[in-house]
Amino acid sequence: MKLFSSNASPYVRKVRVVIREAGLTGQVQEMPVSTSLLESDAALTAANPLARIPSLARDDGPTLYDSRVICRYLDAKAQAGLYPEARLWEVLTLEATADGILDSAVTGIAYEKRLRPADKVMDEWIDSHWAKIARAVKVVNDRWMSHLAGPLDMGQIALGCALGYLDFRHDQYGWRKDCDALAAWYETFAQREAMKATAPA
């Protein structure tokens with residue numbers, strides 16, 4: 001299998017963590033591609049018409065995308081148990097919450113700052129996306145700590161990668177405010193070998 005990837009993408013990082021946690025490291029070859037927001041890498045476009053990363057090219061079927069599809073596939077392939085049937089809807093909801101945090105952090109804030117001239121950046125747009133992030137983080141802190149204390153699953157991995165991205169790109173906003181329990185959980189989770197090995201430079 002070949003993974004079209006970029007070092008700084010938190011969506012790619014989710015897949016990288018799953019590869020390591022599921023014991024698939026030797027079965028996936030990384031294919032770094034250009035991360036230009038305005039131009040598409042030719043090899044990536046040939047594999048995925050949307051030209052988005054991550055994309056997972058397989059010998060036995062069509063290329064898979066996006067990160068949630070890829071992670072579910074890798075978990076099934078390795079039978080890693082990251083989507084346990086007994087807690088499936090909780091796991092999927094937490095994963096969707098984490099991906100929603102990333103969507104606002106990446107497309108709502110990071111791209112707004114990177115793509116627009118400084119005098120055209122919409123502060124109200126950025127503030128609205130940070131409000132979504134802050135609400136989601138607070139809800140996880142207040143309602144999901146018992147789940148986070150359980151066995152490793154995909155919701156935890158997605159959340160760990162989302163919080164790591166907030167530290168990487170948006171540390172100035174301070175997601176840890178009034179979220180002491182979640183901050184303590186993340187400090188421990190970030191020390192997992194798969195998390196340390198995939199931390200963005």
# chains A, B, ... in the order shown; residues from 1 in each chain; ligands from 1
>>> select_by_dssp(residues="segment 41-156 of chain A", states="helix (DSSP H, G or I)", output="ChimeraX atom specification")
/A:42-47,67-78,85-115,118-120,123-143,145-148,154-156
>>> residues_around(residues="segment 90-93 of chain A", least_positions_apart="3", cutoff="6 Å", atoms="only C-alpha atoms", output="list of chain:residue names")
A:Arg87, A:Ala96, A:Gly155
>>> write_last_selection(atoms="N, CA, C and O atoms", output="compact mmCIF listing (two decimals), in the first residue's frame")
# COMPACT_ATOMS: atom_id res chain seq x y z
N ARG A 87 -18.69 -0.15 21.71
CA ARG A 87 -18.63 1.31 21.90
C ARG A 87 -18.58 2.04 20.55
O ARG A 87 -18.11 3.17 20.48
N ALA A 96 -15.57 12.00 14.98
CA ALA A 96 -16.17 13.08 14.21
C ALA A 96 -15.97 14.43 14.90
O ALA A 96 -15.74 15.45 14.24
N GLY A 155 -11.35 7.06 18.41
CA GLY A 155 -11.73 8.37 18.92
C GLY A 155 -10.59 9.02 19.67
O GLY A 155 -10.33 10.23 19.52
>>> closest_atom_pairs(of="segment 61-128 of chain A", to="segment 13-27 of chain A", cutoff="8 Å", atoms="only C-alpha atoms", output="JSON lines")
{"residue": "A:Ser67", "atom": "CA", "partner": "A:Val15", "partner_atom": "CA", "distance": 6.5}
{"residue": "A:Ile70", "atom": "CA", "partner": "A:Val15", "partner_atom": "CA", "distance": 7.0}
{"residue": "A:Cys71", "atom": "CA", "partner": "A:Val15", "partner_atom": "CA", "distance": 5.8}
{"residue": "A:Leu74", "atom": "CA", "partner": "A:Ile19", "partner_atom": "CA", "distance": 7.2}
{"residue": "A:Asp75", "atom": "CA", "partner": "A:Ala22", "partner_atom": "CA", "distance": 6.7}
{"residue": "A:Ala78", "atom": "CA", "partner": "A:Ala22", "partner_atom": "CA", "distance": 6.0}
{"residue": "A:Gln79", "atom": "CA", "partner": "A:Ala22", "partner_atom": "CA", "distance": 7.8}
{"residue": "A:Ala80", "atom": "CA", "partner": "A:Ala22", "partner_atom": "CA", "distance": 5.3}
>>> write_last_selection(atoms="all heavy atoms", output="PDB file, in the first residue's frame")
ATOM      1  N   SER A  67      -9.354  10.481   5.639  1.00  0.00           N
ATOM      2  CA  SER A  67      -8.671   9.839   6.764  1.00  0.00           C
ATOM      3  C   SER A  67      -9.575   8.865   7.509  1.00  0.00           C
ATOM      4  O   SER A  67      -9.117   7.809   7.954  1.00  0.00           O
ATOM      5  CB  SER A  67      -8.112  10.893   7.728  1.00  0.00           C
ATOM      6  OG  SER A  67      -9.141  11.667   8.312  1.00  0.00           O
ATOM      7  N   ILE A  70      -9.759   5.631   5.512  1.00  0.00           N
ATOM      8  CA  ILE A  70      -8.469   4.935   5.542  1.00  0.00           C
ATOM      9  C   ILE A  70      -8.244   4.288   6.906  1.00  0.00           C
ATOM     10  O   ILE A  70      -7.838   3.118   6.999  1.00  0.00           O
ATOM     11  CB  ILE A  70      -7.318   5.899   5.193  1.00  0.00           C
ATOM     12  CG1 ILE A  70      -7.462   6.391   3.759  1.00  0.00           C
ATOM     13  CG2 ILE A  70      -5.969   5.206   5.394  1.00  0.00           C
ATOM     14  CD1 ILE A  70      -6.496   7.510   3.403  1.00  0.00           C
ATOM     15  N   CYS A  71      -8.508   5.026   7.967  1.00  0.00           N
ATOM     16  CA  CYS A  71      -8.282   4.487   9.312  1.00  0.00           C
ATOM     17  C   CYS A  71      -9.178   3.284   9.575  1.00  0.00           C
ATOM     18  O   CYS A  71      -8.738   2.284  10.155  1.00  0.00           O
ATOM     19  CB  CYS A  71      -8.508   5.571  10.363  1.00  0.00           C
ATOM     20  SG  CYS A  71      -7.237   6.849  10.384  1.00  0.00           S
ATOM     21  N   LEU A  74      -7.682   0.315   7.597  1.00  0.00           N
ATOM     22  CA  LEU A  74      -6.462  -0.231   8.195  1.00  0.00           C
ATOM     23  C   LEU A  74      -6.771  -1.001   9.475  1.00  0.00           C
ATOM     24  O   LEU A  74      -6.174  -2.048   9.743  1.00  0.00           O
ATOM     25  CB  LEU A  74      -5.467   0.897   8.479  1.00  0.00           C
ATOM     26  CG  LEU A  74      -4.886   1.593   7.250  1.00  0.00           C
ATOM     27  CD1 LEU A  74      -4.044   2.792   7.674  1.00  0.00           C
ATOM     28  CD2 LEU A  74      -4.055   0.622   6.401  1.00  0.00           C
ATOM     29  N   ASP A  75      -7.705  -0.484  10.254  1.00  0.00           N
ATOM     30  CA  ASP A  75      -8.111  -1.188  11.468  1.00  0.00           C
ATOM     31  C   ASP A  75      -8.701  -2.552  11.133  1.00  0.00           C
ATOM     32  O   ASP A  75      -8.378  -3.559  11.767  1.00  0.00           O
ATOM     33  CB  ASP A  75      -9.126  -0.347  12.237  1.00  0.00           C
ATOM     34  CG  ASP A  75      -9.689  -1.088  13.432  1.00  0.00           C
ATOM     35  OD1 ASP A  75      -8.947  -1.284  14.412  1.00  0.00           O
ATOM     36  OD2 ASP A  75     -10.874  -1.499  13.380  1.00  0.00           O
ATOM     37  N   ALA A  78      -5.938  -5.004   9.900  1.00  0.00           N
ATOM     38  CA  ALA A  78      -5.065  -5.503  10.965  1.00  0.00           C
ATOM     39  C   ALA A  78      -5.839  -6.138  12.111  1.00  0.00           C
ATOM     40  O   ALA A  78      -5.226  -6.722  13.009  1.00  0.00           O
ATOM     41  CB  ALA A  78      -4.208  -4.352  11.503  1.00  0.00           C
ATOM     42  N   GLN A  79      -7.170  -5.995  12.090  1.00  0.00           N
ATOM     43  CA  GLN A  79      -8.002  -6.461  13.205  1.00  0.00           C
ATOM     44  C   GLN A  79      -7.479  -5.908  14.527  1.00  0.00           C
ATOM     45  O   GLN A  79      -7.306  -6.623  15.511  1.00  0.00           O
ATOM     46  CB  GLN A  79      -8.068  -7.992  13.230  1.00  0.00           C
ATOM     47  CG  GLN A  79      -8.710  -8.591  11.987  1.00  0.00           C
ATOM     48  CD  GLN A  79      -8.876 -10.091  12.053  1.00  0.00           C
ATOM     49  OE1 GLN A  79      -8.158 -10.788  12.765  1.00  0.00           O
ATOM     50  NE2 GLN A  79      -9.846 -10.607  11.307  1.00  0.00           N
ATOM     51  N   ALA A  80      -7.248  -4.584  14.510  1.00  0.00           N
ATOM     52  CA  ALA A  80      -6.626  -3.928  15.665  1.00  0.00           C
ATOM     53  C   ALA A  80      -7.618  -3.567  16.762  1.00  0.00           C
ATOM     54  O   ALA A  80      -7.204  -3.224  17.868  1.00  0.00           O
ATOM     55  CB  ALA A  80      -5.893  -2.667  15.196  1.00  0.00           C
TER      56      ALA A  80
END
>>> atom_distance(atom1="atom CA of Ser55 of chain A", atom2="atom CA of Cys161 of chain A")
17.5 Å
>>> closest_residue(among="A:Val33, A:Ala47, A:Ala181, A:Ile133", to="Ser104 of chain A", atoms="only C-alpha atoms")
A:Ile133
>>> atom_distance(atom1="atom CA of Ala51 of chain A", atom2="atom CA of Ser34 of chain A")
10.4 Å
>>> closest_residue(among="A:Asp171, A:Ala162, A:Asn141, A:Met154", to="Pro84 of chain A", atoms="only C-alpha atoms")
A:Met154
>>> atom_distance(atom1="atom CA of Ala105 of chain A", atom2="atom CA of Arg169 of chain A")
8.3 Å
>>> residues_around(residues="Ala149 of chain A", least_positions_apart="5", cutoff="10 Å", atoms="only C-alpha atoms", output="list of chain:residue names")
A:Trp144, A:Gln156, A:Trp185
>>> residues_around(residues="Ile101 of chain A", least_positions_apart="2", cutoff="10 Å", atoms="only C-alpha atoms", output="list of chain:residue names")
A:Glu95, A:Ala96, A:Thr97, A:Ala98, A:Asp99, A:Asp103, A:Ser104, A:Ala105, A:Val106, A:Gly108, A:His129, A:Trp130, A:Lys132, A:Ile133, A:Ala134, A:Arg135, A:Ala136, A:Val137, A:Ala158, A:Leu159, A:Ala162, A:Leu163, A:Tyr165, A:Leu166
>>> write_last_selection(atoms="C-alpha atoms", output="CSV table (one decimal), in the first residue's frame")
chain,number,residue,atom,x,y,z
A,95,GLU,CA,-13.7,10.8,16.0
A,96,ALA,CA,-16.2,13.1,14.2
A,97,THR,CA,-15.8,15.7,17.0
A,98,ALA,CA,-12.0,15.6,16.6
A,99,ASP,CA,-12.2,15.9,12.8
A,103,ASP,CA,-11.7,21.2,10.0
A,104,SER,CA,-12.2,24.5,11.8
A,105,ALA,CA,-8.5,24.7,12.7
A,106,VAL,CA,-7.2,23.9,9.2
A,108,GLY,CA,-11.4,27.8,9.0
A,129,HIS,CA,-14.2,28.8,14.1
A,130,TRP,CA,-12.2,29.2,17.3
A,132,LYS,CA,-16.5,26.0,17.6
A,133,ILE,CA,-13.1,24.5,18.6
A,134,ALA,CA,-13.3,25.8,22.2
A,135,ARG,CA,-16.9,24.5,22.6
A,136,ALA,CA,-15.9,21.1,21.3
A,137,VAL,CA,-12.8,20.8,23.5
A,158,ALA,CA,-8.3,11.3,16.4
A,159,LEU,CA,-8.6,13.6,19.4
A,162,ALA,CA,-6.4,17.2,16.8
A,163,LEU,CA,-5.1,18.6,20.1
A,165,TYR,CA,-2.4,20.2,15.8
A,166,LEU,CA,-3.9,23.0,18.0
>>> closest_residue(among="A:Tyr173, A:Ser6, A:Leu182, A:Gly100", to="Arg143 of chain A", atoms="only C-alpha atoms")
A:Leu182
